Amino acid sequence: MPGDLTDYRRKRDAARTPEPVPDSAEPLPHGDDDTFVIQEHHARQLHWDVRLERGGVLVSFAVPKGLPPEPNVIRMAVHTEDHPLEYATFSGEIPKGEYGAGTMTIWDRGTYETLKWKDDEVDVVLHGERVEGRFTFFQRGEGWMVRRRGGPQDPAW
C-alpha cells in the first residue's frame, strides 16, 4: 500500500506550490511508522486529511466530515495519494489553480499505534493533542470508510 510518491509528484509543480515536493532521486526516509497528522483543508470542499506515517511516506485519507466522535459511527474516508513525510509539518495556502488549492492548517498531530495494517484495513490508536482513540479505516466496495472503536471522544474535542 504505502511507499511511492509518483502520484504526489505528478499532481504538483514545485515552482508553483509551497508544498514540499522531494526530488525523485532522494531515498524515502524511514521513521518509526508512528507519526500522524490531521490537516484541516479548506479546498473546494472542507475536509480533514488524516495522514499516517508508513514505509517512508504519509498514507493519506480525506475525511469530509472528520473522524467520527462516537463509537461505531461510520464515515467516508477517501484514500488519496501518499504524501512525503515533510507534509506532516505543512500549513499554508495552496495557490488557486493548483491541485488541492486552498488553506491547509494542522488540526492535530501526535503518534499512533498500529493494531492491524492490511491492504484493505488499517486499525490504529491515535494519541494526539485533540484526538485520542481507536479508528479503523476499511474498504467497502470501491471506497474507504472510517469508524471509531471503543469509547466516545472527549466532549472538549
# chains A, B, ... in the order shown; residues from 1 in each chain; ligands from 1
call {"tool": "residues_around", "arguments": {"residues": "Val124 in chain A", "least_positions_apart": "5", "cutoff": "7 Å", "atoms": "only C-alpha atoms", "output": "list of chain:residue names"}}
result
A:Tyr112, A:Glu113, A:Thr114, A:Leu115, A:Lys116, A:Arg134, A:Phe135, A:Thr136
call {"tool": "write_last_selection", "arguments": {"atoms": "C-alpha atoms", "output": "PDB file, in the first residue's frame"}}
result
ATOM      1  CA  TYR A 112      -0.220   6.250  16.706  1.00  0.00           C
ATOM      2  CA  GLU A 113      -0.078   2.547  17.408  1.00  0.00           C
ATOM      3  CA  THR A 114      -0.693   0.055  14.616  1.00  0.00           C
ATOM      4  CA  LEU A 115      -3.085  -2.745  15.575  1.00  0.00           C
ATOM      5  CA  LYS A 116      -3.526  -4.021  12.003  1.00  0.00           C
ATOM      6  CA  ARG A 134      -9.017   3.748  18.112  1.00  0.00           C
ATOM      7  CA  PHE A 135     -10.030   4.104  14.470  1.00  0.00           C
ATOM      8  CA  THR A 136     -10.412   1.548  11.714  1.00  0.00           C
TER       9      THR A 136
END
call {"tool": "closest_residue", "arguments": {"among": "A:Phe61, A:Glu93, A:Pro68, A:Asp154", "to": "Val122 in chain A", "atoms": "only C-alpha atoms"}}
result
A:Phe61
call {"tool": "closest_residue", "arguments": {"among": "A:Val37, A:Ala43, A:Ala15, A:Val63", "to": "Gly128 in chain A", "atoms": "only C-alpha atoms"}}
result
A:Val37
call {"tool": "select_by_dssp", "arguments": {"residues": "chain A", "states": "helix (DSSP H, G or I)", "output": "PyMOL selection string"}}
result
chain A and resi 6-10+85-89
call {"tool": "closest_residue", "arguments": {"among": "A:Gly151, A:Pro69, A:Gly143, A:Gly31", "to": "Leu52 in chain A", "atoms": "only C-alpha atoms"}}
result
A:Gly31
